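S.K.: Structure file model-v6.txt (compact mmCIF, C-alpha atoms and all ligand atoms) is given on the next line.
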# COMPACT_ATOMS: atom_id res chain seq x y z
CA MET A 25 150.28 171.03 136.15
CA ARG A 26 152.76 168.16 136.39
CA LEU A 27 154.24 168.09 132.88
CA ASN A 28 156.41 165.17 131.82
CA ASP A 29 154.70 162.81 134.21
CA VAL A 30 151.59 160.72 134.67
CA THR A 31 148.87 161.88 137.05
CA GLU A 32 146.85 159.22 138.85
CA GLY A 33 143.12 159.86 138.78
CA ASP A 34 139.99 160.31 136.71
CA CYS A 35 140.83 162.22 133.53
CA ILE A 36 137.55 164.17 133.60
CA GLN A 37 138.29 165.58 137.00
CA VAL A 38 142.03 166.05 136.44
CA LEU A 39 141.59 167.83 133.08
CA ASN A 40 138.73 170.03 134.23
CA ASP A 41 140.88 171.19 137.16
CA LEU A 42 143.62 172.36 134.77
CA GLU A 43 143.80 175.57 132.74
CA PRO A 44 142.10 175.10 129.38
CA GLY A 45 144.07 175.17 126.11
CA PHE A 46 147.47 173.76 127.11
CA ALA A 47 147.84 170.72 124.79
CA ASP A 48 149.15 170.85 121.23
CA LEU A 49 148.17 167.25 120.62
CA VAL A 50 145.76 164.89 122.36
CA PHE A 51 145.94 161.16 121.76
CA ALA A 52 143.13 159.25 123.47
CA ASP A 53 142.69 155.49 123.55
CA PRO A 54 139.73 155.09 125.93
CA PRO A 55 138.28 151.77 127.04
CA PHE A 56 136.19 150.42 124.12
CA ASN A 57 133.44 149.01 126.40
CA ILE A 58 134.00 145.48 125.15
CA GLY A 59 134.81 143.75 128.41
CA TYR A 60 138.58 144.09 128.69
CA GLN A 61 139.95 143.11 132.08
CA TYR A 62 141.47 146.31 133.45
CA ASP A 63 142.91 146.76 136.90
CA VAL A 64 140.15 149.03 138.28
CA TYR A 65 137.98 150.22 135.37
CA ASP A 66 134.85 148.18 134.53
CA ASP A 67 134.83 147.84 130.72
CA ARG A 68 131.27 146.48 130.46
CA ARG A 69 128.94 149.38 131.17
CA GLY A 70 125.42 149.97 129.95
CA LYS A 71 125.37 151.79 126.62
CA ALA A 72 123.72 154.96 127.94
CA ASP A 73 126.12 155.11 130.89
CA TYR A 74 129.18 154.60 128.64
CA LEU A 75 128.02 157.31 126.21
CA ALA A 76 127.20 159.80 128.98
CA TRP A 77 130.73 159.24 130.33
CA THR A 78 132.19 159.52 126.81
CA GLU A 79 130.59 162.94 126.36
CA LYS A 80 132.12 164.15 129.60
CA TRP A 81 135.67 163.01 128.92
CA LEU A 82 135.58 164.17 125.28
CA ALA A 83 134.53 167.65 126.43
CA ALA A 84 137.30 167.71 129.05
CA ALA A 85 139.95 166.61 126.52
CA VAL A 86 138.81 169.07 123.84
CA ARG A 87 138.83 171.84 126.48
CA ALA A 88 142.51 171.02 127.07
CA LEU A 89 143.37 171.49 123.40
CA LYS A 90 145.10 174.65 122.14
CA PRO A 91 143.34 176.68 119.40
CA HIS A 92 145.61 175.10 116.77
CA GLY A 93 145.75 171.66 118.38
CA SER A 94 145.08 168.19 116.96
CA PHE A 95 143.10 165.33 118.44
CA PHE A 96 143.54 161.62 117.64
CA LEU A 97 141.10 159.09 119.04
CA ALA A 98 141.55 155.30 118.86
CA ILE A 99 138.28 153.39 119.15
CA GLY A 100 136.67 150.09 118.14
CA ASP A 101 133.83 149.31 115.73
CA GLU A 102 131.20 149.23 118.47
CA PHE A 103 131.29 152.95 119.36
CA VAL A 104 133.25 154.72 116.61
CA ALA A 105 130.15 156.31 115.07
CA GLU A 106 129.00 157.67 118.43
CA HIS A 107 132.43 159.19 119.07
CA LYS A 108 132.49 160.83 115.63
CA VAL A 109 129.10 162.46 116.15
CA ARG A 110 130.21 163.83 119.51
CA LEU A 111 133.55 165.18 118.24
CA ASP A 112 131.73 166.93 115.37
CA ALA A 113 129.31 168.44 117.89
CA LEU A 114 132.23 169.76 119.94
CA GLY A 115 133.24 171.90 116.94
CA LEU A 116 136.30 169.97 115.76
CA THR A 117 136.95 169.22 112.07
CA MET A 118 137.79 165.72 110.90
CA ARG A 119 140.91 165.35 108.75
CA ASN A 120 140.98 161.55 108.41
CA TRP A 121 139.15 158.45 109.54
CA ILE A 122 142.16 156.17 109.74
CA VAL A 123 141.84 152.40 109.87
CA TRP A 124 144.75 150.72 111.61
CA HIS A 125 145.04 147.14 110.45
CA TYR A 126 146.94 144.91 112.85
CA THR A 127 147.96 141.31 112.98
CA PHE A 128 147.58 139.16 116.15
CA GLY A 129 144.02 140.44 116.53
CA VAL A 130 141.29 138.96 118.68
CA ASN A 131 140.48 135.39 117.66
CA CYS A 132 136.72 134.93 117.14
CA SER A 133 134.74 131.71 116.72
CA LYS A 134 131.41 132.84 115.20
CA LYS A 135 132.43 135.93 113.19
CA PHE A 136 135.53 137.15 111.34
CA ASN A 137 138.56 137.83 113.51
CA ARG A 138 139.00 141.39 114.74
CA SER A 139 142.05 142.91 113.01
CA HIS A 140 141.57 146.67 112.99
CA ALA A 141 140.82 149.71 115.11
CA HIS A 142 139.72 153.18 114.05
CA ILE A 143 141.78 156.29 114.62
CA LEU A 144 139.78 159.49 114.17
CA TYR A 145 142.01 162.44 113.35
CA TYR A 146 140.51 165.85 114.18
CA VAL A 147 141.79 169.41 114.42
CA ARG A 148 140.38 172.47 116.13
CA ASP A 149 141.16 174.87 113.28
CA PRO A 150 141.29 173.33 109.79
CA LYS A 151 143.10 176.44 108.49
CA ASN A 152 145.89 176.34 111.04
CA TYR A 153 147.27 173.16 112.58
CA THR A 154 150.58 171.27 112.70
CA PHE A 155 151.06 168.73 109.96
CA ASN A 156 154.65 167.70 109.17
CA PRO A 157 154.50 165.65 105.94
CA ASP A 158 158.26 165.14 105.70
CA ALA A 159 158.33 163.52 109.14
CA VAL A 160 156.17 160.57 108.06
CA ARG A 161 156.76 159.93 104.35
CA VAL A 162 156.81 156.34 103.15
CA PRO A 163 158.06 154.78 99.91
CA SER A 164 155.44 154.76 97.17
CA ALA A 165 154.59 151.78 94.96
CA ARG A 166 156.07 153.83 92.11
CA MET A 167 159.40 153.55 93.97
CA THR A 168 159.26 150.02 95.36
CA THR A 169 157.31 148.13 92.68
CA TYR A 170 157.33 150.00 89.38
CA ALA A 171 160.76 151.68 89.40
CA ASP A 172 158.95 154.72 88.03
CA ARG A 173 161.28 157.67 87.53
CA ARG A 174 158.39 160.06 88.25
CA ALA A 175 158.30 158.81 91.86
CA ASN A 176 159.08 161.43 94.47
CA PRO A 177 162.46 160.19 95.81
CA VAL A 178 161.57 161.20 99.37
CA GLY A 179 158.39 159.07 99.34
CA LYS A 180 154.70 159.87 99.66
CA LEU A 181 152.35 160.58 102.52
CA PRO A 182 150.95 157.42 104.11
CA ASP A 183 147.44 156.31 103.11
CA ASP A 184 144.64 156.50 105.66
CA THR A 185 144.68 152.73 106.13
CA TRP A 186 147.67 151.97 108.31
CA VAL A 187 149.34 148.59 108.10
CA LEU A 188 152.57 149.96 109.51
CA ARG A 189 155.02 147.69 107.85
CA PRO A 190 158.52 148.95 108.61
CA GLN A 191 158.78 150.86 105.36
CA GLU A 192 155.53 152.64 106.23
CA SER A 193 156.70 153.89 109.58
CA ALA A 194 158.88 156.99 109.63
CA ALA A 195 161.04 155.51 112.35
CA HIS A 196 161.82 152.47 110.25
CA PHE A 197 162.07 153.75 106.67
CA GLN A 198 163.67 150.63 105.18
CA PRO A 199 162.63 150.33 101.53
CA GLU A 200 164.54 147.08 101.15
CA SER A 201 162.31 145.22 103.61
CA ASP A 202 158.59 144.80 103.06
CA THR A 203 157.84 141.66 105.01
CA TRP A 204 157.46 142.78 108.61
CA PHE A 205 154.18 144.22 109.89
CA VAL A 206 153.64 146.06 113.18
CA SER A 207 151.10 143.93 114.95
CA ARG A 208 149.31 144.44 118.23
CA VAL A 209 151.74 144.17 121.11
CA CYS A 210 151.50 140.51 122.16
CA GLY A 211 152.44 139.13 125.56
CA THR A 212 155.67 137.66 124.27
CA PHE A 213 156.92 140.85 122.55
CA LYS A 214 160.00 142.66 123.85
CA GLU A 215 158.07 145.97 123.75
CA ARG A 216 155.32 144.55 126.01
CA VAL A 217 154.87 145.87 129.52
CA SER A 218 152.20 144.76 131.96
CA HIS A 219 148.96 146.14 130.46
CA PRO A 220 146.10 144.35 128.60
CA CYS A 221 145.88 146.68 125.59
CA GLN A 222 149.15 148.38 124.95
CA MET A 223 149.45 150.39 121.71
CA PRO A 224 152.52 149.76 119.59
CA GLU A 225 155.04 152.60 119.67
CA ALA A 226 155.04 152.73 115.83
CA VAL A 227 151.43 154.01 115.80
CA LEU A 228 152.23 156.81 118.24
CA ASP A 229 155.51 157.53 116.51
CA ARG A 230 153.66 158.47 113.31
CA ILE A 231 151.00 160.52 115.08
CA ILE A 232 153.38 162.50 117.27
CA ARG A 233 155.84 163.19 114.45
CA VAL A 234 153.19 164.45 112.04
CA ALA A 235 151.01 166.46 114.42
CA SER A 236 153.46 168.07 116.83
CA ASN A 237 156.87 169.70 117.00
CA ALA A 238 159.75 169.39 119.45
CA GLY A 239 158.80 170.93 122.80
CA ASP A 240 155.02 170.75 122.15
CA VAL A 241 152.75 169.31 124.84
CA VAL A 242 151.21 165.89 124.13
CA LEU A 243 148.30 164.84 126.34
CA ASP A 244 147.03 161.27 126.84
CA PRO A 245 143.94 161.15 129.13
CA PHE A 246 144.06 157.29 129.23
CA ALA A 247 147.77 156.64 129.65
CA GLY A 248 147.48 152.87 130.21
CA SER A 249 150.98 151.45 129.84
CA GLY A 250 152.33 154.88 128.85
CA THR A 251 153.01 154.30 125.15
CA THR A 252 152.09 157.86 124.16
CA LEU A 253 154.22 159.37 126.90
CA ALA A 254 157.18 157.10 126.13
CA VAL A 255 157.16 158.02 122.44
CA ALA A 256 156.60 161.72 123.19
CA LYS A 257 159.61 161.65 125.51
CA LYS A 258 161.79 159.89 122.93
CA LEU A 259 160.79 162.48 120.31
CA GLY A 260 161.60 165.46 122.54
CA ARG A 261 158.00 166.51 123.23
CA GLN A 262 156.58 167.47 126.64
CA TYR A 263 153.82 165.21 127.83
CA LEU A 264 151.09 164.74 130.37
CA GLY A 265 149.28 161.47 131.04
CA VAL A 266 146.30 160.66 133.25
CA GLU A 267 145.62 157.11 134.43
CA LEU A 268 142.93 155.83 136.77
CA SER A 269 144.85 152.81 138.02
CA GLU A 270 147.62 153.27 140.54
CA GLN A 271 149.25 150.06 139.36
CA TYR A 272 149.30 151.16 135.70
CA ALA A 273 150.50 154.66 136.64
CA ASP A 274 153.42 153.09 138.53
CA GLY A 275 154.19 151.04 135.43
CA VAL A 276 154.21 154.20 133.30
CA ARG A 277 156.68 155.89 135.62
CA LYS A 278 158.98 152.85 135.42
CA ARG A 279 158.69 152.80 131.62
CA LEU A 280 159.64 156.49 131.43
CA GLN A 281 162.55 155.92 133.78
CA MET A 282 163.82 153.10 131.58
CA ILE A 283 164.08 155.59 128.70
CA ASP A 284 166.34 157.78 130.86
CA PHE A 285 168.48 154.76 131.73
CA ALA A 286 168.71 153.69 128.09
CA GLU A 287 169.62 157.22 126.96
CA LYS A 288 172.22 157.51 129.71
CA ALA A 289 173.73 154.15 128.81
CA GLU A 290 173.89 155.21 125.17
CA THR A 291 175.71 158.48 125.91
CA GLU A 292 178.13 156.80 128.29
CA GLY A 293 178.85 153.93 125.92
CA PRO A 294 179.60 150.33 127.00
CA ARG A 295 180.67 150.12 130.65
CA LYS A 296 184.28 149.09 131.01
CA ARG A 297 184.99 146.17 133.35
CA GLN A 298 186.95 147.39 136.33
CA PRO A 299 190.23 145.58 137.06
CA VAL A 300 189.85 142.99 139.84
CA GLU A 301 192.10 144.89 142.30
CA SER A 302 190.13 148.12 142.14
CA ARG A 303 186.83 146.23 142.54
CA ARG A 304 188.14 144.74 145.81
CA SER A 305 189.29 148.09 147.22
C1 LIG A 401 142.75 151.28 126.20
S1 LIG A 401 143.65 151.52 127.65
C2 LIG A 401 144.93 152.64 127.13
C3 LIG A 401 146.13 151.92 126.58
C4 LIG A 401 147.25 152.84 126.18
N1 LIG A 401 146.94 153.55 124.97
C5 LIG A 401 148.55 152.06 126.02
O1 LIG A 401 149.18 152.12 124.96
O2 LIG A 401 148.94 151.39 126.97
C6 LIG A 401 142.59 152.54 128.59
C7 LIG A 401 143.13 152.96 129.95
O3 LIG A 401 142.28 153.97 130.49
C8 LIG A 401 142.27 153.84 131.89
N2 LIG A 401 141.07 154.59 132.37
C9 LIG A 401 139.79 154.18 132.41
N3 LIG A 401 138.99 155.17 132.88
C10 LIG A 401 139.79 156.24 133.12
C11 LIG A 401 139.57 157.56 133.59
N4 LIG A 401 138.35 157.98 133.91
N5 LIG A 401 140.62 158.39 133.71
C12 LIG A 401 141.87 157.97 133.40
N6 LIG A 401 142.15 156.72 132.96
C13 LIG A 401 141.12 155.85 132.80
C14 LIG A 401 142.25 152.34 132.12
O4 LIG A 401 142.72 152.02 133.41
C15 LIG A 401 143.20 151.86 130.99
O5 LIG A 401 144.51 151.73 131.46
Show this structure as structure tokens.
Ligand SMILES: C[S@@+](CC[C@H](N)C(=O)[O-])C[C@H]1O[C@@H](n2cnc3c(N)ncnc32)[C@H](O)[C@@H]1O
M.R.:
Amino acid sequence: MRLNDVTEGDCIQVLNDLEPGFADLVFADPPFNIGYQYDVYDDRRGKADYLAWTEKWLAAAVRALKPHGSFFLAIGDEFVAEHKVRLDALGLTMRNWIVWHYTFGVNCSKKFNRSHAHILYYVRDPKNYTFNPDAVRVPSARMTTYADRRANPVGKLPDDTWVLRPQESAAHFQPESDTWFVSRVCGTFKERVSHPCQMPEAVLDRIIRVASNAGDVVLDPFAGSGTTLAVAKKLGRQYLGVELSEQYADGVRKRLQMIDFAEKAETEGPRKRQPVESRRS
């Protein structure tokens, strides 16, 4: 198994070829079957075909999960119910049905604009799984609005509707600012790499912090632009991604490399300009 890397290929085949039970946390953001323009994957399949494929990849991903592992699945309105039924049937237990509300959603002309996705949070063993509440606390309204002395000074657990304003993301616990929301990653954003549906790092930051510990293995069967792997790497987890497209997999490797460069630059500090004479020699 090539840990801390992305494997190019079909996740069903790749995962079924691996030993079962290696992943502490699976985050899966499969194609929603709504006609996105991917590099090689056709995102407009017949319903029966899409669901037959869904069953296969879900089984392969659940097989990869450790006995005390957690599974997060991001999915759209169209097929969330079908995914839930199948995850239940695979023997997992649901902990939350999270709704992630985002800004910069899809603009519609004959219905309301799309501004949310579902994140189904499941565990294999509801009596024994990793959940780190202190890693993801957010300020409560008692703290920020009502100045209530009964408020827990370290904050509360996030609700199951995620807006991900900075003060609601563990990485950006800034009680003084409540005006900035984490939106979808738009084309003009600094975080954006070349992929049509890149997840924001803040979403993965919360999931990986709460449901895994340093050194744990995080698996993403649909790596895409590599958001899960990038955040796992930054948080000191091991990771494994699978991606069908060669072009996207190359992009993931570059993104992971950039983290190494950034970390190296940070430890070395600002580069000093060499004197002109030594540059000539
Ligand atoms: C919704 S995107 C994932 C986006 C990712 N979460 C991110 O933040 O960039 C789904 C990805 O799954 C890939 N994909 C589709 N079928 C696949 C398969 N059978 N195995 C592996 N990857 C696949 C597509 O190429 C696409 O990049």
S.K.: What are the nearest atom pairs, with distances in Å to one decimal, for all residues of segment 75-95 of chain A that come at most 9 Å from segment 43-57 of chain A, using only C-alpha atoms, set out by chain and rising residue number as a tab-separated table?
M.R.:
residue	atom	partner	partner_atom	distance
A:Thr78	CA	A:Pro54	CA	8.8
A:Ala84	CA	A:Pro44	CA	8.8
A:Ala85	CA	A:Val50	CA	7.3
A:Val86	CA	A:Val50	CA	8.2
A:Arg87	CA	A:Pro44	CA	5.5
A:Ala88	CA	A:Gly45	CA	4.5
A:Leu89	CA	A:Gly45	CA	4.6
A:Lys90	CA	A:Gly45	CA	4.1
A:Pro91	CA	A:Gly45	CA	6.9
A:His92	CA	A:Asp48	CA	7.1
A:Gly93	CA	A:Asp48	CA	4.5
A:Ser94	CA	A:Leu49	CA	4.9
A:Phe95	CA	A:Val50	CA	4.8
S.K.: Would you tabulate, counting all atoms listed in the file, all residues of chain A that have an atom at most 9 Å from an atom of ligand LIG 401 (chain A), showing the closest pair of atoms and their distance in Å to one decimal, sorted by chain then ascending number, as CSV?
M.R.:
residue,atom,partner,partner_atom,distance
A:Thr31,CA,A:LIG401,C12,8.8
A:Glu32,CA,A:LIG401,C12,7.5
A:Gly33,CA,A:LIG401,C12,5.8
A:Asp34,CA,A:LIG401,N5,3.6
A:Cys35,CA,A:LIG401,N5,3.8
A:Ile36,CA,A:LIG401,N4,6.2
A:Gln37,CA,A:LIG401,N4,8.2
A:Val38,CA,A:LIG401,N5,8.3
A:Phe51,CA,A:LIG401,N1,8.3
A:Ala52,CA,A:LIG401,N1,7.0
A:Asp53,CA,A:LIG401,N1,4.9
A:Pro54,CA,A:LIG401,C6,4.7
A:Pro55,CA,A:LIG401,C1,4.6
A:Phe56,CA,A:LIG401,C1,6.9
A:Tyr60,CA,A:LIG401,C1,8.7
A:Tyr62,CA,A:LIG401,O4,5.8
A:Asp63,CA,A:LIG401,O4,6.3
A:Val64,CA,A:LIG401,O4,6.3
A:Tyr65,CA,A:LIG401,C9,5.3
A:Asp66,CA,A:LIG401,C9,8.1
A:Asp67,CA,A:LIG401,C9,8.2
A:Trp77,CA,A:LIG401,N4,8.5
A:Trp81,CA,A:LIG401,N4,7.6
A:Ala98,CA,A:LIG401,N1,8.3
A:Ile99,CA,A:LIG401,C1,8.6
A:Val217,CA,A:LIG401,O2,8.5
A:Ser218,CA,A:LIG401,O2,8.9
A:His219,CA,A:LIG401,O2,6.3
A:Pro220,CA,A:LIG401,S1,7.6
A:Cys221,CA,A:LIG401,C3,5.3
A:Gln222,CA,A:LIG401,O2,3.6
A:Met223,CA,A:LIG401,O1,3.7
A:Pro224,CA,A:LIG401,O1,6.7
A:Glu225,CA,A:LIG401,O1,7.9
A:Leu228,CA,A:LIG401,O1,8.7
A:Asp244,CA,A:LIG401,N1,7.9
A:Pro245,CA,A:LIG401,C12,5.7
A:Phe246,CA,A:LIG401,O3,4.0
A:Ala247,CA,A:LIG401,C4,5.2
A:Gly248,CA,A:LIG401,O5,3.4
A:Ser249,CA,A:LIG401,O2,3.5
A:Gly250,CA,A:LIG401,O2,5.2
A:Thr251,CA,A:LIG401,O1,4.4
A:Thr252,CA,A:LIG401,O1,6.5
A:Gly265,CA,A:LIG401,C12,8.5
A:Val266,CA,A:LIG401,C12,5.2
A:Glu267,CA,A:LIG401,N6,3.8
A:Leu268,CA,A:LIG401,N6,4.0
A:Ser269,CA,A:LIG401,O4,5.1
A:Glu270,CA,A:LIG401,O4,8.7
A:Tyr272,CA,A:LIG401,O5,6.4
A:Ala273,CA,A:LIG401,O5,8.4
A:Val276,CA,A:LIG401,O2,8.7
S.K.: Could you give me the axis-aligned bounding box of segment 134-142 of chain A, with 8 Å of padding per side, as centre plus edge lengths in Å to one decimal, as AutoDock Vina command-line options?
M.R.:
--center_x 136.7 --center_y 143.0 --center_z 113.3 --size_x 26.6 --size_y 36.3 --size_z 19.9
S.K.: So, with all atoms listed in the file as the atoms that count, which of A:Leu188, A:Ala113, A:Ile283, A:Ala256 lies closest to Ala226 of chain A?
M.R.: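 Of all the options, A:Leu188 lies closest to Ala226 of chain A.
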